[in-house]
file run_39.cif (mmCIF, C-alpha atoms (C1' of nucleotides))
data_my_file
loop_
_atom_site.label_atom_id
_atom_site.label_comp_id
_atom_site.auth_asym_id
_atom_site.auth_seq_id
_atom_site.Cartn_x
_atom_site.Cartn_y
_atom_site.Cartn_z
CA MET A 50 -129.92 61.30 8.32
CA ALA A 51 -128.61 63.41 5.47
CA ILE A 52 -125.33 65.23 5.80
CA LYS A 53 -125.72 68.95 6.11
CA THR A 54 -123.81 70.45 3.22
CA SER A 55 -122.38 73.28 5.25
CA LEU A 56 -123.61 76.66 4.12
CA ARG A 57 -120.50 78.13 5.69
CA PRO A 58 -117.50 76.15 4.50
CA GLY A 59 -114.98 78.64 5.88
CA GLY A 60 -112.11 78.11 8.26
CA ARG A 61 -113.55 76.69 11.44
CA SER A 62 -116.09 74.30 9.96
CA ALA A 63 -113.47 72.90 7.65
CA ARG A 64 -111.02 72.47 10.49
CA VAL A 65 -113.60 70.65 12.58
CA GLN A 66 -114.51 68.41 9.69
CA ASP A 67 -110.88 67.55 9.02
CA SER A 68 -110.27 66.84 12.66
CA VAL A 69 -113.35 64.65 12.93
CA HIS A 70 -112.62 62.73 9.76
CA GLN A 71 -109.07 62.11 10.86
CA ALA A 72 -110.14 60.98 14.33
CA THR A 73 -112.73 58.69 12.82
CA ARG A 74 -110.28 57.01 10.49
CA ALA A 75 -107.76 56.56 13.30
CA LEU A 76 -110.29 55.03 15.69
CA LEU A 77 -111.71 52.89 12.92
CA ALA A 78 -108.26 51.44 12.34
CA GLU A 79 -107.42 51.07 16.03
CA LEU A 80 -110.65 49.74 17.49
CA GLY A 81 -112.82 48.63 14.58
CA ARG A 82 -116.30 49.60 13.54
CA ASP A 83 -118.16 48.04 16.44
CA ALA A 84 -116.08 49.52 19.23
CA ILE A 85 -116.34 53.18 18.39
CA SER A 86 -118.99 55.64 19.43
CA LEU A 87 -119.79 59.18 18.59
CA PRO A 88 -118.66 60.66 21.94
CA LEU A 89 -115.41 58.75 21.53
CA ILE A 90 -114.75 60.29 18.15
CA ALA A 91 -115.65 63.68 19.54
CA SER A 92 -113.14 63.48 22.37
CA ARG A 93 -110.42 62.27 20.03
CA ALA A 94 -111.16 65.08 17.60
CA GLY A 95 -111.21 67.67 20.35
CA VAL A 96 -114.81 68.74 19.90
CA THR A 97 -117.95 68.18 21.94
CA PRO A 98 -120.34 65.38 21.06
CA SER A 99 -123.20 67.78 20.55
CA THR A 100 -121.33 69.27 17.62
CA LEU A 101 -121.22 65.91 15.92
CA TYR A 102 -124.83 65.17 16.68
CA ARG A 103 -125.95 68.49 15.25
CA ARG A 104 -123.78 68.21 12.17
CA TRP A 105 -123.93 64.53 11.27
CA GLY A 106 -126.92 63.25 13.19
CA ASP A 107 -125.70 59.80 14.12
CA LEU A 108 -122.81 57.40 13.89
CA SER A 109 -123.90 55.71 10.68
CA SER A 110 -124.09 59.00 8.84
CA LEU A 111 -120.71 60.10 10.07
CA LEU A 112 -119.04 56.83 9.17
CA ALA A 113 -120.65 56.78 5.75
CA ASP A 114 -119.51 60.33 5.17
CA VAL A 115 -115.96 59.52 6.14
CA SER A 116 -115.88 56.36 4.03
CA LEU A 117 -117.23 58.11 0.98
CA ALA A 118 -114.74 60.92 1.38
CA ARG A 119 -111.97 58.32 1.33
CA MET A 120 -113.36 56.89 -1.85
CA HIS A 121 -113.11 59.94 -4.01
CA PRO A 122 -109.38 60.47 -4.46
CA ASP A 123 -108.72 56.87 -5.35
CA ALA A 124 -106.55 56.56 -8.40
CA ASP A 125 -108.25 56.36 -11.77
CA PRO A 126 -109.12 52.84 -12.95
CA VAL A 127 -106.18 51.08 -14.55
CA ASP A 128 -105.89 51.15 -18.32
CA THR A 129 -105.62 47.62 -19.69
CA GLY A 130 -106.02 48.62 -23.31
CA SER A 131 -109.58 47.46 -23.84
CA LEU A 132 -112.99 48.30 -22.44
CA ARG A 133 -113.62 44.73 -21.47
CA GLY A 134 -110.30 44.46 -19.67
CA ASP A 135 -110.74 47.77 -17.89
CA LEU A 136 -114.19 46.85 -16.68
CA LEU A 137 -113.19 43.38 -15.53
CA THR A 138 -110.19 44.44 -13.51
CA TRP A 139 -112.00 47.40 -12.08
CA SER A 140 -115.13 45.46 -11.11
CA GLU A 141 -113.10 42.67 -9.56
CA GLN A 142 -111.29 45.21 -7.41
CA TYR A 143 -114.57 46.95 -6.60
CA PHE A 144 -116.32 43.75 -5.53
CA ASP A 145 -113.35 42.70 -3.45
CA GLU A 146 -113.36 46.02 -1.68
CA ILE A 147 -117.03 46.13 -0.75
CA ASN A 148 -117.00 42.44 0.11
CA SER A 149 -114.35 42.94 2.77
CA VAL A 150 -115.44 43.33 6.35
CA PRO A 151 -114.92 47.10 6.44
CA GLY A 152 -116.42 47.34 2.97
CA ARG A 153 -119.62 45.64 4.01
CA ALA A 154 -119.76 47.81 7.10
CA MET A 155 -119.46 50.86 4.89
CA LEU A 156 -122.24 49.63 2.66
CA ARG A 157 -124.49 49.08 5.66
CA ASP A 158 -123.76 52.54 6.97
CA ALA A 159 -124.38 54.08 3.58
CA VAL A 160 -127.73 52.32 3.32
CA ALA A 161 -128.66 53.16 6.89
CA SER A 162 -127.96 56.83 6.42
CA ASP A 163 -129.12 58.57 3.30
CA CYS A 164 -126.03 58.99 1.20
CA THR A 165 -126.69 56.16 -1.19
CA ASN A 166 -127.00 58.76 -3.90
CA ARG A 167 -123.42 59.81 -3.27
CA CYS A 168 -122.39 56.16 -3.58
CA LEU A 169 -124.07 55.92 -6.95
CA THR A 170 -122.53 59.20 -8.11
CA ILE A 171 -119.03 58.00 -7.29
CA LEU A 172 -119.73 54.65 -8.93
CA LEU A 173 -121.05 56.23 -12.10
CA GLY A 174 -118.07 58.57 -12.16
CA GLN A 175 -115.63 55.66 -12.16
CA LEU A 176 -117.54 53.88 -14.90
CA GLN A 177 -117.73 57.07 -16.89
CA THR A 178 -113.97 57.53 -16.99
CA ILE A 179 -113.57 53.96 -18.20
CA LEU A 180 -116.24 54.44 -20.83
CA GLU A 181 -114.80 57.72 -22.06
CA ARG A 182 -111.40 56.15 -22.39
CA ALA A 183 -112.93 53.35 -24.43
CA ALA A 184 -114.79 55.82 -26.60
CA SER A 185 -111.57 57.69 -27.28
CA ARG A 186 -110.14 54.41 -28.50
CA GLY A 187 -113.03 54.07 -30.89
CA GLU A 188 -114.73 51.21 -29.07
CA ALA A 189 -118.49 50.90 -28.94
CA THR A 190 -119.64 51.63 -25.39
CA PRO A 191 -122.82 50.86 -23.49
CA SER A 192 -124.19 53.37 -21.01
CA ALA A 193 -122.95 53.42 -17.45
CA GLU A 194 -126.49 52.76 -16.25
CA HIS A 195 -126.65 49.61 -18.35
CA LEU A 196 -123.45 48.35 -16.78
CA VAL A 197 -124.83 49.07 -13.35
CA ASP A 198 -127.99 47.13 -14.10
CA ARG A 199 -126.24 44.14 -15.67
CA VAL A 200 -123.06 43.78 -13.64
CA ILE A 201 -122.78 46.01 -10.59
CA ALA A 202 -126.29 45.51 -9.25
CA PRO A 203 -126.16 41.68 -9.28
CA GLY A 204 -122.77 41.75 -7.58
CA VAL A 205 -123.75 44.21 -4.90
CA PHE A 206 -126.98 42.32 -4.32
CA ARG A 207 -125.10 39.09 -3.70
CA ILE A 208 -122.73 40.78 -1.31
CA LEU A 209 -125.58 42.35 0.61
CA PHE A 210 -128.09 39.51 0.58
CA GLY A 211 -126.40 36.39 -0.66
CA GLU A 212 -123.28 34.39 -0.16
CA GLY A 213 -120.55 36.94 -0.67
CA ALA A 214 -118.95 38.26 -3.82
CA PRO A 215 -119.69 36.68 -7.20
CA GLY A 216 -117.03 34.45 -8.74
CA GLU A 217 -114.79 35.62 -11.53
CA HIS A 218 -116.45 33.32 -13.99
CA GLU A 219 -119.85 34.73 -13.24
CA VAL A 220 -118.72 38.32 -13.55
CA ASN A 221 -117.22 37.41 -16.91
CA ALA A 222 -120.54 36.06 -18.09
CA TRP A 223 -122.42 39.13 -16.91
CA MET A 224 -119.91 41.37 -18.59
CA ASP A 225 -120.15 39.48 -21.88
CA GLN A 226 -123.88 39.88 -21.90
CA ALA A 227 -123.64 43.55 -20.98
CA LEU A 228 -121.11 44.30 -23.71
CA GLY A 229 -122.50 42.03 -26.37
CA MET B 240 -127.24 41.33 15.26
CA ALA B 241 -128.63 37.98 14.33
CA ILE B 242 -131.93 36.85 15.74
CA LYS B 243 -131.60 34.13 18.27
CA THR B 244 -133.59 31.19 16.95
CA SER B 245 -135.05 30.26 20.27
CA LEU B 246 -133.95 26.85 21.44
CA ARG B 247 -137.03 26.76 23.59
CA PRO B 248 -140.01 27.71 21.47
CA GLY B 249 -142.52 26.69 24.07
CA GLY B 250 -145.29 28.66 25.70
CA ARG B 251 -143.74 31.67 27.33
CA SER B 252 -141.20 32.56 24.67
CA ALA B 253 -143.86 32.32 22.02
CA ARG B 254 -146.22 34.51 24.03
CA VAL B 255 -143.54 37.13 24.53
CA GLN B 256 -142.70 37.08 20.86
CA ASP B 257 -146.32 37.48 19.85
CA SER B 258 -146.80 40.31 22.27
CA VAL B 259 -143.68 42.09 21.09
CA HIS B 260 -144.48 41.64 17.43
CA GLN B 261 -147.99 42.93 17.95
CA ALA B 262 -146.80 45.92 19.96
CA THR B 263 -144.20 46.71 17.32
CA ARG B 264 -146.72 46.64 14.50
CA ALA B 265 -149.11 48.83 16.44
CA LEU B 266 -146.50 51.43 17.32
CA LEU B 267 -145.12 51.34 13.82
CA ALA B 268 -148.55 52.21 12.51
CA GLU B 269 -149.29 54.82 15.18
CA LEU B 270 -146.00 56.67 15.45
CA GLY B 271 -143.91 55.68 12.46
CA ARG B 272 -140.46 54.17 12.20
CA ASP B 273 -138.52 57.16 13.47
CA ALA B 274 -140.54 57.76 16.61
CA ILE B 275 -140.36 54.36 18.22
CA SER B 276 -137.71 53.00 20.55
CA LEU B 277 -136.98 49.68 22.08
CA PRO B 278 -138.08 50.61 25.62
CA LEU B 279 -141.29 51.98 24.15
CA ILE B 280 -142.07 48.69 22.48
CA ALA B 281 -141.19 46.86 25.65
CA SER B 282 -143.59 48.85 27.78
CA ARG B 283 -146.39 48.42 25.23
CA ALA B 284 -145.75 44.71 25.05
CA GLY B 285 -145.68 44.36 28.80
CA VAL B 286 -142.10 43.14 29.07
CA THR B 287 -138.92 44.72 30.30
CA PRO B 288 -136.48 46.33 27.86
CA SER B 289 -133.68 44.04 28.91
CA THR B 290 -135.65 41.11 27.55
CA LEU B 291 -135.75 42.72 24.14
CA TYR B 292 -132.10 43.66 24.25
CA ARG B 293 -131.10 40.14 25.18
CA ARG B 294 -133.33 38.50 22.61
CA TRP B 295 -133.15 40.84 19.62
CA GLY B 296 -130.10 42.95 20.30
CA ASP B 297 -131.23 46.26 18.90
CA LEU B 298 -134.09 48.08 17.26
CA SER B 299 -133.08 47.39 13.69
CA SER B 300 -132.97 43.66 14.27
CA LEU B 301 -136.34 43.66 15.97
CA LEU B 302 -137.98 45.70 13.24
CA ALA B 303 -136.44 43.56 10.52
CA ASP B 304 -137.65 40.43 12.31
CA VAL B 305 -141.18 41.79 12.58
CA SER B 306 -141.25 42.91 8.97
CA LEU B 307 -139.98 39.59 7.69
CA ALA B 308 -142.52 37.73 9.79
CA ARG B 309 -145.24 39.79 8.11
CA MET B 310 -143.88 38.81 4.77
CA HIS B 311 -144.16 35.07 5.08
CA PRO B 312 -147.88 34.37 5.15
CA ASP B 313 -148.58 36.55 2.14
CA ALA B 314 -150.76 34.78 -0.34
CA ASP B 315 -149.09 32.76 -3.06
CA PRO B 316 -148.24 34.72 -6.19
CA VAL B 317 -151.19 35.07 -8.53
CA ASP B 318 -151.54 32.63 -11.37
CA THR B 319 -151.85 34.46 -14.67
CA GLY B 320 -151.47 31.39 -16.82
CA SER B 321 -147.94 31.95 -18.02
CA LEU B 322 -144.51 32.15 -16.45
CA ARG B 323 -143.88 35.54 -17.96
CA GLY B 324 -147.16 36.91 -16.71
CA ASP B 325 -146.69 35.47 -13.25
CA LEU B 326 -143.23 36.96 -12.93
CA LEU B 327 -144.23 40.36 -14.24
CA THR B 328 -147.22 40.85 -11.97
CA TRP B 329 -145.36 39.48 -8.99
CA SER B 330 -142.23 41.57 -9.52
CA GLU B 331 -144.26 44.72 -10.07
CA GLN B 332 -146.01 44.13 -6.78
CA TYR B 333 -142.72 43.29 -5.09
CA PHE B 334 -140.98 46.42 -6.30
CA ASP B 335 -143.91 48.59 -5.33
CA GLU B 336 -143.86 47.16 -1.86
CA ILE B 337 -140.19 47.64 -1.12
CA ASN B 338 -140.20 51.03 -2.80
CA SER B 339 -142.81 52.37 -0.39
CA VAL B 340 -141.65 54.35 2.62
CA PRO B 341 -142.15 51.49 5.08
CA GLY B 342 -140.71 49.10 2.52
CA ARG B 343 -137.50 51.04 2.19
CA ALA B 344 -137.28 51.34 5.95
CA MET B 345 -137.62 47.58 6.18
CA LEU B 346 -134.87 47.10 3.64
CA ARG B 347 -132.59 49.40 5.58
CA ASP B 348 -133.30 47.56 8.81
CA ALA B 349 -132.73 44.22 7.14
CA VAL B 350 -129.38 45.36 5.80
CA ALA B 351 -128.39 46.97 9.09
CA SER B 352 -129.11 43.82 11.04
CA ASP B 353 -128.02 40.48 9.70
CA CYS B 354 -131.14 38.88 8.40
CA THR B 355 -130.52 39.54 4.75
CA ASN B 356 -130.25 35.79 4.30
CA ARG B 357 -133.84 35.43 5.48
CA CYS B 358 -134.83 38.08 2.94
CA LEU B 359 -133.21 36.09 0.19
CA THR B 360 -134.77 32.86 1.38
CA ILE B 361 -138.25 34.32 1.28
CA LEU B 362 -137.58 35.84 -2.11
CA LEU B 363 -136.29 32.59 -3.55
CA GLY B 364 -139.25 30.77 -2.09
CA GLN B 365 -141.72 32.99 -3.90
CA LEU B 366 -139.83 32.64 -7.15
CA GLN B 367 -139.66 28.91 -6.66
CA THR B 368 -143.42 28.47 -6.41
CA ILE B 369 -143.84 30.49 -9.59
CA LEU B 370 -141.20 28.43 -11.35
CA GLU B 371 -142.64 25.12 -10.22
CA ARG B 372 -146.05 26.13 -11.43
CA ALA B 373 -144.56 26.99 -14.80
CA ALA B 374 -142.70 23.70 -14.91
CA SER B 375 -145.91 21.82 -14.21
CA ARG B 376 -147.40 23.60 -17.22
CA GLY B 377 -144.54 22.33 -19.32
CA GLU B 378 -142.83 25.70 -19.75
CA ALA B 379 -139.06 26.00 -19.89
CA THR B 380 -137.86 27.68 -16.71
CA PRO B 381 -134.67 29.47 -15.77
CA SER B 382 -133.26 29.11 -12.28
CA ALA B 383 -134.45 31.34 -9.48
CA GLU B 384 -130.91 32.61 -9.00
CA HIS B 385 -130.79 33.69 -12.62
CA LEU B 386 -133.97 35.69 -12.17
CA VAL B 387 -132.54 37.30 -9.08
CA ASP B 388 -129.40 38.32 -10.93
CA ARG B 389 -131.17 39.63 -14.02
CA VAL B 390 -134.34 41.21 -12.65
CA ILE B 391 -134.57 41.45 -8.87
CA ALA B 392 -131.05 42.68 -8.19
CA PRO B 393 -131.19 45.60 -10.63
CA GLY B 394 -134.56 46.66 -9.24
CA VAL B 395 -133.53 46.46 -5.62
CA PHE B 396 -130.30 48.26 -6.41
CA ARG B 397 -132.19 51.16 -7.95
CA ILE B 398 -134.52 51.38 -5.01
CA LEU B 399 -131.63 51.37 -2.56
CA PHE B 400 -129.14 53.55 -4.41
CA GLY B 401 -130.87 55.15 -7.34
CA GLU B 402 -133.99 57.06 -8.17
CA GLY B 403 -136.71 54.79 -6.94
CA ALA B 404 -138.34 51.76 -8.51
CA PRO B 405 -137.67 50.81 -12.13
CA GLY B 406 -140.33 51.56 -14.70
CA GLU B 407 -142.61 48.87 -16.06
CA HIS B 408 -141.00 49.11 -19.47
CA GLU B 409 -137.59 48.47 -18.03
CA VAL B 410 -138.70 45.51 -15.98
CA ASN B 411 -140.24 44.07 -19.13
CA ALA B 412 -136.94 44.36 -20.94
CA TRP B 413 -135.04 42.73 -18.10
CA MET B 414 -137.57 39.94 -17.96
CA ASP B 415 -137.38 39.30 -21.69
CA GLN B 416 -133.64 38.95 -21.50
CA ALA B 417 -133.85 36.70 -18.46
CA LEU B 418 -136.41 34.40 -20.05
CA GLY B 419 -135.20 34.44 -23.59
"C1'" DA C 45 -143.23 14.24 39.48
"C1'" DC C 46 -138.47 16.26 39.73
"C1'" DG C 47 -134.18 18.43 38.44
"C1'" DT C 48 -132.12 21.42 35.05
"C1'" DT C 49 -131.62 25.64 32.83
"C1'" DA C 50 -133.31 28.90 29.15
"C1'" DA C 51 -135.77 32.96 29.31
"C1'" DC C 52 -137.47 36.59 31.82
"C1'" DA C 53 -138.10 40.52 35.68
"C1'" DC C 54 -136.06 43.84 38.30
"C1'" DA C 55 -132.94 47.39 39.42
"C1'" DA C 56 -128.74 49.83 39.39
"C1'" DA C 57 -124.89 51.43 36.79
"C1'" DG C 58 -123.14 53.32 32.72
"C1'" DA C 59 -123.32 55.37 28.15
"C1'" DA C 60 -125.44 57.80 24.63
"C1'" DT C 61 -128.50 61.46 22.92
"C1'" DT C 62 -131.08 65.67 23.23
"C1'" DT C 63 -131.66 70.43 24.40
"C1'" DG C 64 -131.19 75.26 26.03
"C1'" DC C 65 -128.22 78.99 26.23
"C1'" DG C 66 -123.98 81.58 26.07
"C1'" DT C 67 -119.82 82.32 23.15
"C1'" DT C 68 -116.86 82.34 19.14
"C1'" DA C 69 -115.66 83.36 14.59
"C1'" DG C 70 -116.91 83.25 9.41
"C1'" DT C 71 -119.53 86.19 6.21
"C1'" DG C 72 -121.29 90.07 3.95
"C1'" DG C 73 -122.08 94.95 3.88
"C1'" DT C 74 -120.43 99.66 4.54
"C1'" DA D 212 -110.66 98.33 7.85
"C1'" DC D 213 -114.59 98.15 10.69
"C1'" DC D 214 -119.11 96.53 12.13
"C1'" DA D 215 -123.42 93.92 12.34
"C1'" DC D 216 -125.27 89.39 11.69
"C1'" DT D 217 -125.66 84.71 12.47
"C1'" DA D 218 -123.98 79.83 11.58
"C1'" DA D 219 -121.42 76.80 14.11
"C1'" DC D 220 -119.50 75.53 18.27
"C1'" DG D 221 -118.76 74.78 23.56
"C1'" DC D 222 -120.73 73.71 27.78
"C1'" DA D 223 -123.65 71.42 30.96
"C1'" DA D 224 -127.98 69.69 32.56
"C1'" DA D 225 -131.76 66.66 31.56
"C1'" DT D 226 -133.42 62.85 29.38
"C1'" DT D 227 -133.35 58.54 27.25
"C1'" DC D 228 -131.21 54.44 25.91
"C1'" DT D 229 -128.26 50.35 26.81
"C1'" DT D 230 -125.74 47.15 29.57
"C1'" DT D 231 -125.14 44.11 33.32
"C1'" DG D 232 -125.62 41.48 37.72
"C1'" DT D 233 -128.74 38.82 40.41
"C1'" DG D 234 -132.80 36.43 41.59
"C1'" DT D 235 -137.13 34.17 39.85
"C1'" DT D 236 -140.24 31.72 36.73
"C1'" DA D 237 -141.56 28.20 33.74
"C1'" DA D 238 -140.46 25.14 29.72
"C1'" DC D 239 -138.12 20.89 28.75
"C1'" DG D 240 -136.03 16.21 29.40
"C1'" DT D 241 -135.96 12.14 32.20
#
call {"tool": "encode", "arguments": {"input": "run_39.cif", "output": "structure tokens"}}
result
Amino acid sequence: MAIKTSLRPGGRSARVQDSVHQATRALLAELGRDAISLPLIASRAGVTPSTLYRRWGDLSSLLADVSLARMHPDADPVDTGSLRGDLLTWSEQYFDEINSVPGRAMLRDAVASDCTNRCLTILLGQLQTILERAASRGEATPSAEHLVDRVIAPGVFRILFGEGAPGEHEVNAWMDQALG
Amino acid sequence: MAIKTSLRPGGRSARVQDSVHQATRALLAELGRDAISLPLIASRAGVTPSTLYRRWGDLSSLLADVSLARMHPDADPVDTGSLRGDLLTWSEQYFDEINSVPGRAMLRDAVASDCTNRCLTILLGQLQTILERAASRGEATPSAEHLVDRVIAPGVFRILFGEGAPGEHEVNAWMDQALG
DNA sequence: ACGTTAACACAAAGAATTTGCGTTAGTGGT
DNA sequence: ACCACTAACGCAAATTCTTTGTGTTAACGT
């Protein structure tokens, strides 16, 4: 179910959201993904379950929302001095993250709910900052969409459907083809 | 949850499975994905809900199992006379199918449960028959995994995270690069 | 044919989800 | 600053889903 982008972002709604997000992260760390329920989060956050059901719809949507919110303020991708280096270190880190147990759980929740578009937006944003940095260095840059098609998509597909994250060698080959 | 590959595939288990699969397909067609529940399927199939919970675990796993079972006996990919033609017509059909509303629902259920490996197996099987046919014609053939990385993964990624299925022109370009 | 046990039925207990209605507190207008 | 409006929440009852314990059936091996 889609997250309701609150039409009234004022005091109380924001407080509830903060409280719920915080409770979710705490329980996620304490008990793990499979041991938490929506009423449990509600009681920890000091709100009634019906509030969460009306606002988020179900557990998957709430967890995806919380995970994606945690993703935003991550530091900018490291600057290695070259586009190729930036992309390689960033993608390695990215694949490692979503290949971890909580990472895969987040992916599943994101797919189950309907915030895959937010995932893509965040992803494209990260790539964009890398690409703009490269452009400011005078390097020739492909489009972010091209990188997604040639590198990110194969990696994510393997993590979701295949035998875990792609090897470093393979990512290198994909990257060469994408940049060359 | 993973599907329990019944250690006792004899009469009764098989009958129950048939009944459940049939009931699921019927309800899926009558009411749609979002209106069916596990107890509902159980009552239609003439079994108790606890049987379904013990055997399939949850609704996503059951639906994914039913969908994947429907996928197997599909006719072999059409023979267009060339590897490139075979792959293009097959992939177009494949993308159309998983981009449909029930197709996307199936994908979500497959990701939510743990039968993504079965998805990949079926996929590789289809590609393999196309590749073997091409090999028997004397054509040079890439590996099935390479095709997955270069063509299938980008398409599936777009359907899951992006703006729907890739255009025919784009698939053509991907295919050219994968084959050439 | 017989013993073994996986798979199922039944039912009760427990948890999650939905829903109706009253209340609180942002929001916009005066 | 005050007031009217209503989105968002609290509460609680009703419903539905899920789990679990126990007994029974029937498939499988010998």
call {"tool": "interface_residues", "arguments": {"input": "run_39.cif", "of": "chain B", "to": "chain D", "cutoff": "12 Å", "atoms": "only C-alpha atoms (C1' of nucleotides)", "output": "CSV table (one decimal) with C-alpha atoms, in the coordinates of the input"}}
result
chain,number,residue,atom,x,y,z
B,246,LEU,CA,-134.0,26.8,21.4
B,247,ARG,CA,-137.0,26.8,23.6
B,248,PRO,CA,-140.0,27.7,21.5
B,249,GLY,CA,-142.5,26.7,24.1
B,250,GLY,CA,-145.3,28.7,25.7
B,251,ARG,CA,-143.7,31.7,27.3
B,252,SER,CA,-141.2,32.6,24.7
B,253,ALA,CA,-143.9,32.3,22.0
B,275,ILE,CA,-140.4,54.4,18.2
B,276,SER,CA,-137.7,53.0,20.6
B,277,LEU,CA,-137.0,49.7,22.1
B,278,PRO,CA,-138.1,50.6,25.6
B,279,LEU,CA,-141.3,52.0,24.2
B,288,PRO,CA,-136.5,46.3,27.9
B,289,SER,CA,-133.7,44.0,28.9
B,290,THR,CA,-135.6,41.1,27.6
B,291,LEU,CA,-135.8,42.7,24.1
B,292,TYR,CA,-132.1,43.7,24.2
B,293,ARG,CA,-131.1,40.1,25.2
B,296,GLY,CA,-130.1,43.0,20.3
B,297,ASP,CA,-131.2,46.3,18.9
B,298,LEU,CA,-134.1,48.1,17.3
call {"tool": "closest_atom_pairs", "arguments": {"input": "run_39.cif", "of": "chain A", "to": "chain B", "cutoff": "7 Å", "atoms": "all atoms listed in the file", "output": "Markdown table"}}
result
| residue | atom | partner | partner_atom | distance |
| --- | --- | --- | --- | --- |
| A:Arg157 | CA | B:Ala351 | CA | 5.6 |
| A:Val160 | CA | B:Arg347 | CA | 6.1 |
| A:Ala161 | CA | B:Arg347 | CA | 5.6 |
| A:Thr165 | CA | B:Phe400 | CA | 4.8 |
| A:Asn166 | CA | B:Phe400 | CA | 5.7 |
| A:Leu169 | CA | B:Phe400 | CA | 6.1 |
| A:Asp198 | CA | B:Pro393 | CA | 5.0 |
| A:Arg199 | CA | B:Arg389 | CA | 6.9 |
| A:Ala202 | CA | B:Pro393 | CA | 5.1 |
| A:Pro203 | CA | B:Asp388 | CA | 5.0 |
| A:Phe206 | CA | B:Ala392 | CA | 5.6 |
| A:Phe210 | CA | B:Thr355 | CA | 4.8 |
| A:Gly211 | CA | B:Asn356 | CA | 6.3 |
call {"tool": "interface_residues", "arguments": {"input": "run_39.cif", "of": "chain C", "to": "chain B", "cutoff": "8 Å", "atoms": "all atoms listed in the file", "output": "list in words"}}
result
DA50, DA51, DC52 and DA53 of chain C
call {"tool": "atom_distance", "arguments": {"input": "run_39.cif", "atom1": "atom CA of Ala379 of chain B", "atom2": "atom CA of Asp335 of chain B"}}
result
27.3 Å
call {"tool": "atom_distance", "arguments": {"input": "run_39.cif", "atom1": "atom CA of Ala118 of chain A", "atom2": "atom C1' of DT62 of chain C"}}
result
27.7 Å
call {"tool": "axis_aligned_box", "arguments": {"input": "run_39.cif", "around": "segment 189-196 of chain A", "padding_each_side": "8 Å", "output": "JSON"}}
result
{"center_x": -122.6, "center_y": 50.9, "center_z": -22.6, "size_x": 24.2, "size_y": 21.1, "size_z": 28.7}
call {"tool": "atom_distance", "arguments": {"input": "run_39.cif", "atom1": "atom CA of Ser306 of chain B", "atom2": "atom CA of Thr368 of chain B"}}
result
21.2 Å
call {"tool": "residues_around", "arguments": {"input": "run_39.cif", "residues": "Asn221 of chain A", "least_positions_apart": "2", "cutoff": "10 Å", "atoms": "all atoms listed in the file", "output": "VMD selection string"}}
result
chain A and resid 133 136 to 137 141 200 216 to 219 223 to 227
call {"tool": "write_last_selection", "arguments": {"input": "run_39.cif", "atoms": "C-alpha atoms", "output": "PDB file, in the frame of the given file"}}
result
ATOM      1  CA  ARG A 133    -113.620  44.730 -21.470  1.00  0.00           C
ATOM      2  CA  LEU A 136    -114.190  46.850 -16.680  1.00  0.00           C
ATOM      3  CA  LEU A 137    -113.190  43.380 -15.530  1.00  0.00           C
ATOM      4  CA  GLU A 141    -113.100  42.670  -9.560  1.00  0.00           C
ATOM      5  CA  VAL A 200    -123.060  43.780 -13.640  1.00  0.00           C
ATOM      6  CA  GLY A 216    -117.030  34.450  -8.740  1.00  0.00           C
ATOM      7  CA  GLU A 217    -114.790  35.620 -11.530  1.00  0.00           C
ATOM      8  CA  HIS A 218    -116.450  33.320 -13.990  1.00  0.00           C
ATOM      9  CA  GLU A 219    -119.850  34.730 -13.240  1.00  0.00           C
ATOM     10  CA  TRP A 223    -122.420  39.130 -16.910  1.00  0.00           C
ATOM     11  CA  MET A 224    -119.910  41.370 -18.590  1.00  0.00           C
ATOM     12  CA  ASP A 225    -120.150  39.480 -21.880  1.00  0.00           C
ATOM     13  CA  GLN A 226    -123.880  39.880 -21.900  1.00  0.00           C
ATOM     14  CA  ALA A 227    -123.640  43.550 -20.980  1.00  0.00           C
TER      15      ALA A 227
END
call {"tool": "closest_residue", "arguments": {"input": "run_39.cif", "among": "B:Gly271, B:Ala404, B:Gly419, B:Gly320", "to": "Glu336 of chain B", "atoms": "all atoms listed in the file"}}
result
B:Ala404
call {"tool": "resolve_selection", "arguments": {"input": "run_39.cif", "expression": "the PyMOL selection byres ((chain A and resi 125) around 10)", "output": "compact mmCIF listing (two decimals) with C-alpha atoms, keeping the file's coordinate frame"}}
result
# COMPACT_ATOMS: atom_id res chain seq x y z
CA HIS A 121 -113.11 59.94 -4.01
CA PRO A 122 -109.38 60.47 -4.46
CA ASP A 123 -108.72 56.87 -5.35
CA ALA A 124 -106.55 56.56 -8.40
CA PRO A 126 -109.12 52.84 -12.95
CA VAL A 127 -106.18 51.08 -14.55
CA ASP A 128 -105.89 51.15 -18.32
CA TRP A 139 -112.00 47.40 -12.08
CA GLN A 175 -115.63 55.66 -12.16
CA THR A 178 -113.97 57.53 -16.99
CA ILE A 179 -113.57 53.96 -18.20
